[in-house]
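Quick look at upload_28.txt (compact mmCIF, C-alpha atoms):
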# COMPACT_ATOMS: atom_id res chain seq x y z
CA MET A 1 12.77 18.58 3.26
CA SER A 2 14.02 21.11 5.80
CA ARG A 3 12.23 21.78 9.08
CA SER A 4 11.30 25.29 7.95
CA SER A 5 9.82 23.88 4.71
CA LEU A 6 7.84 21.32 6.69
CA ARG A 7 6.57 24.01 9.04
CA ALA A 8 5.58 26.19 6.07
CA LEU A 9 3.72 23.30 4.42
CA ALA A 10 1.97 22.42 7.69
CA ALA A 11 1.00 26.06 8.26
CA PHE A 12 -0.37 26.30 4.72
CA VAL A 13 -2.46 23.16 5.14
CA VAL A 14 -3.79 24.28 8.54
CA LEU A 15 -4.69 27.72 7.16
CA ALA A 16 -6.30 26.19 4.07
CA LEU A 17 -8.37 23.79 6.16
CA ALA A 18 -9.30 26.46 8.70
CA SER A 19 -10.30 29.02 6.09
CA GLY A 20 -12.34 26.36 4.32
CA CYS A 21 -14.38 25.90 7.51
CA ALA A 22 -15.29 29.59 7.69
CA ARG A 23 -16.43 29.83 4.06
CA GLU A 24 -19.75 28.79 2.59
CA GLU A 25 -17.91 26.93 -0.14
CA PRO A 26 -14.89 24.93 1.05
CA LEU A 27 -11.45 26.00 -0.04
CA ARG A 28 -9.96 23.67 -2.62
CA VAL A 29 -6.26 22.89 -2.40
CA THR A 30 -4.43 21.25 -5.27
CA ILE A 31 -0.86 20.06 -4.97
CA ILE A 32 0.85 19.28 -8.27
CA GLY A 33 4.30 17.79 -8.35
CA ILE A 34 6.40 16.81 -11.31
CA ASP A 35 9.03 14.28 -10.34
CA GLY A 36 12.52 15.37 -11.39
CA ALA A 37 11.40 18.77 -12.69
CA THR A 38 13.38 21.90 -11.90
CA TRP A 39 12.27 25.53 -12.04
CA ARG A 40 15.44 26.29 -14.01
CA VAL A 41 14.06 24.26 -16.94
CA ALA A 42 10.38 25.06 -16.33
CA ASN A 43 11.01 28.82 -16.21
CA ARG A 44 12.55 28.77 -19.70
CA LEU A 45 9.55 26.84 -21.03
CA LEU A 46 7.13 29.17 -19.25
CA GLN A 47 8.86 32.27 -20.64
CA SER A 48 8.74 30.85 -24.18
CA GLY A 49 4.98 30.28 -23.86
CA ALA A 50 5.34 26.50 -24.24
CA LEU A 51 3.35 25.74 -21.06
CA PRO A 52 0.23 27.97 -21.13
CA HIS A 53 -1.91 25.76 -18.87
CA PHE A 54 0.89 25.37 -16.35
CA GLN A 55 1.37 29.17 -16.46
CA ALA A 56 -2.34 29.66 -15.69
CA LEU A 57 -2.10 27.32 -12.69
CA ILE A 58 0.89 29.27 -11.35
CA GLU A 59 -0.85 32.63 -11.84
CA SER A 60 -3.91 31.48 -9.92
CA GLY A 61 -1.97 29.75 -7.15
CA VAL A 62 1.38 29.49 -5.46
CA ARG A 63 4.63 27.87 -6.54
CA GLY A 64 7.76 27.07 -4.64
CA ASP A 65 11.04 25.26 -4.49
CA LEU A 66 11.39 21.96 -2.70
CA ARG A 67 14.45 21.65 -0.51
CA SER A 68 15.09 18.01 0.08
CA GLU A 69 17.56 15.79 1.84
CA ALA A 70 19.96 13.43 0.10
CA PRO A 71 19.81 10.87 -1.25
CA LEU A 72 17.25 12.20 -3.72
CA TYR A 73 15.02 9.14 -4.04
CA SER A 74 11.47 9.91 -5.14
CA PRO A 75 9.38 7.68 -2.82
CA PRO A 76 10.80 9.09 0.45
CA ILE A 77 10.71 12.69 -0.81
CA TRP A 78 7.09 12.47 -1.96
CA THR A 79 6.11 10.68 1.26
CA THR A 80 7.77 13.38 3.37
CA MET A 81 5.80 16.05 1.47
CA VAL A 82 2.46 14.51 2.44
CA THR A 83 3.29 13.36 5.95
CA GLY A 84 5.41 16.25 7.21
CA VAL A 85 7.82 13.88 8.96
CA SER A 86 11.28 12.53 8.19
CA ARG A 87 12.11 9.33 6.33
CA LYS A 88 13.06 7.74 9.62
CA GLN A 89 9.62 8.51 11.03
CA HIS A 90 7.45 7.62 8.02
CA GLY A 91 9.47 4.53 7.07
CA ILE A 92 9.91 5.07 3.32
CA ARG A 93 13.65 5.34 2.67
CA HIS A 94 14.25 4.06 -0.86
CA PHE A 95 12.48 2.58 -3.90
CA ARG A 96 12.61 -0.92 -2.46
CA VAL A 97 12.26 -2.60 0.90
CA GLY A 98 15.68 -4.20 1.37
CA ASN A 99 16.60 -5.71 -1.98
CA ALA A 100 13.13 -7.13 -2.47
CA ARG A 101 9.82 -5.54 -3.43
CA LEU A 102 8.97 -1.94 -4.26
CA VAL A 103 7.86 0.24 -1.34
CA SER A 104 4.12 0.54 -0.88
CA ALA A 105 1.53 2.43 1.11
CA ARG A 106 1.70 -0.37 3.67
CA ASP A 107 5.29 0.64 4.48
CA ARG A 108 4.26 4.17 5.51
CA ARG A 109 4.04 4.31 9.31
CA VAL A 110 2.19 7.64 9.61
CA PRO A 111 -0.95 8.98 7.96
CA ALA A 112 -0.72 10.99 4.75
CA LEU A 113 -2.45 14.32 4.17
CA TRP A 114 -5.42 12.65 2.44
CA THR A 115 -5.89 10.22 5.34
CA LEU A 116 -5.96 13.10 7.82
CA ALA A 117 -8.36 15.04 5.57
CA SER A 118 -10.74 12.05 5.48
CA ARG A 119 -10.68 11.82 9.27
CA HIS A 120 -11.93 15.43 9.35
CA GLY A 121 -14.69 14.93 6.79
CA LEU A 122 -12.79 16.36 3.83
CA ARG A 123 -12.64 14.70 0.42
CA SER A 124 -9.42 14.10 -1.49
CA ALA A 125 -8.34 12.95 -4.92
CA VAL A 126 -4.86 11.46 -5.11
CA ILE A 127 -3.57 10.50 -8.53
CA GLY A 128 -0.20 8.95 -9.28
CA TRP A 129 1.52 9.80 -6.00
CA TRP A 130 4.59 7.73 -5.11
CA ALA A 131 4.13 4.81 -2.68
CA THR A 132 0.32 4.83 -2.70
CA TYR A 133 -0.23 1.22 -3.76
CA PRO A 134 -2.36 -0.45 -2.59
CA ALA A 135 -4.82 2.42 -2.63
CA GLU A 136 -6.09 3.42 0.80
CA SER A 137 -9.76 3.71 1.63
CA ILE A 138 -10.44 7.43 2.00
CA ASP A 139 -13.30 9.85 1.50
CA GLY A 140 -12.53 10.45 -2.15
CA LEU A 141 -10.36 8.80 -4.75
CA VAL A 142 -6.89 7.23 -4.79
CA VAL A 143 -5.38 6.08 -8.08
CA SER A 144 -2.00 4.76 -7.07
CA GLU A 145 1.13 4.97 -9.19
CA CYS A 146 1.10 1.20 -9.77
CA GLU A 147 -2.50 1.30 -10.98
CA ILE A 148 -1.56 4.02 -13.47
CA LYS A 149 1.34 1.93 -14.79
CA THR A 150 -0.97 -1.06 -15.14
CA CYS A 151 -3.55 1.02 -17.02
CA THR A 152 -0.87 2.48 -19.28
CA THR A 153 0.52 -0.98 -20.02
CA ALA A 154 -2.97 -2.33 -20.75
CA LEU A 155 -3.69 0.56 -23.14
CA ALA A 156 -0.35 0.09 -24.90
CA LYS A 157 -1.15 -3.60 -25.57
CA ARG A 158 -4.48 -2.83 -27.32

Could you quickly redo this structure as structure tokens?
Amino acid sequence: MSRSSLRALAAFVVLALASGCAREEPLRVTIIGIDGATWRVANRLLQSGALPHFQALIESGVRGDLRSEAPLYSPPIWTTMVTGVSRKQHGIRHFRVGNARLVSARDRRVPALWTLASRHGLRSAVIGWWATYPAESIDGLVVSECEIKTCTTALAKR
């Protein structure tokens, strides 16, 4: 993610949090990411009417392109989005630590957006985000990507 993208994301979050403080009802921010998706493909589906609920989300919110840094590995990219710092700083660089286990929330060296929100009395719900296992204790809910895979596997066996 480029520095200007990080600054834009940080400015958005600060404005969202600040404007939520001045309102009677707090501002709700939802970040939806689809791993591997491109607007080139999504735009064709949106124009054909194949994604009406996704279209409604876009019309009531904001959408944007993600500029990322190579190599395009999901865990470091998704971690950069919610920490605002580089791979070198947050510590998630690949899918695995060395050639051993998958990366986890324990490998992240800086707080994520939901951790910072909790520190300021804000609730979060995090569902299926990369490198969130084991789930952190926050004011809200964390369903890590590994827990989702386990649930899906358990349902498939029934």

Please list as a short mmCIF file (atom, residue, chain, number, x, y, z; two decimals) with C-alpha atoms, in the coordinates of the input every residue within 12 Å of His90 (chain A), counting only C-alpha atoms and excluding residues in the same chain fewer than 5 positions away.
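Dumped everything to around31.cif:
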data_model
loop_
_atom_site.label_atom_id
_atom_site.label_comp_id
_atom_site.auth_asym_id
_atom_site.auth_seq_id
_atom_site.Cartn_x
_atom_site.Cartn_y
_atom_site.Cartn_z
CA PRO A 75 9.38 7.68 -2.82
CA PRO A 76 10.80 9.09 0.45
CA ILE A 77 10.71 12.69 -0.81
CA TRP A 78 7.09 12.47 -1.96
CA THR A 79 6.11 10.68 1.26
CA THR A 80 7.77 13.38 3.37
CA MET A 81 5.80 16.05 1.47
CA VAL A 82 2.46 14.51 2.44
CA THR A 83 3.29 13.36 5.95
CA GLY A 84 5.41 16.25 7.21
CA VAL A 85 7.82 13.88 8.96
CA VAL A 103 7.86 0.24 -1.34
CA SER A 104 4.12 0.54 -0.88
CA ALA A 105 1.53 2.43 1.11
CA ARG A 106 1.70 -0.37 3.67
CA ASP A 107 5.29 0.64 4.48
CA ARG A 108 4.26 4.17 5.51
CA ARG A 109 4.04 4.31 9.31
CA VAL A 110 2.19 7.64 9.61
CA PRO A 111 -0.95 8.98 7.96
CA ALA A 112 -0.72 10.99 4.75
CA ALA A 131 4.13 4.81 -2.68
#

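Using only C-alpha atoms for every distance, the candidate list A:Val29, A:Val143, A:Tyr73, A:Leu116 yields A:Tyr73 as the residue closest to Ile92 (chain A).
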
For Leu141 (chain A), find every residue with an atom within 9 Å (counting all atoms listed in the file), except residues of its own chain fewer than 2 positions away, and show them as a PDB file with C-alpha atoms, in the frame of the given file.
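Below you can see result.pdb, which holds the result:
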ATOM      1  CA  ARG A 123     -12.640  14.700   0.420  1.00  0.00           C
ATOM      2  CA  SER A 124      -9.420  14.100  -1.490  1.00  0.00           C
ATOM      3  CA  ALA A 125      -8.340  12.950  -4.920  1.00  0.00           C
ATOM      4  CA  VAL A 126      -4.860  11.460  -5.110  1.00  0.00           C
ATOM      5  CA  ILE A 127      -3.570  10.500  -8.530  1.00  0.00           C
ATOM      6  CA  ALA A 135      -4.820   2.420  -2.630  1.00  0.00           C
ATOM      7  CA  GLU A 136      -6.090   3.420   0.800  1.00  0.00           C
ATOM      8  CA  SER A 137      -9.760   3.710   1.630  1.00  0.00           C
ATOM      9  CA  ILE A 138     -10.440   7.430   2.000  1.00  0.00           C
ATOM     10  CA  ASP A 139     -13.300   9.850   1.500  1.00  0.00           C
ATOM     11  CA  VAL A 143      -5.380   6.080  -8.080  1.00  0.00           C
TER      12      VAL A 143
END

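CA of Ile32 (chain A) is found 10.5 Å from CA of Ile58 (chain A).
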
Problem - Straight-line distance linking CA of Ala117 (chain A) with CA of Arg28 (chain A), stated in Å to one decimal - result: 12.0 Å

Fill in the blank from the handout: If you count all atoms listed in the file, the residue of A:Cys146, A:Gly64, A:Ala42, A:Gly121 closest to Leu102 (chain A) turns out to be A:Cys146

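Using all atoms listed in the file, the nearest neighbour of Thr30 (chain A) within the list A:Val62, A:Ala56, A:Leu72, A:Ala100 is A:Val62.
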
Handout entry: Length of the CA of Ala37 (chain A) to CA of Arg67 (chain A) vector [Å]
Key = 12.9 Å
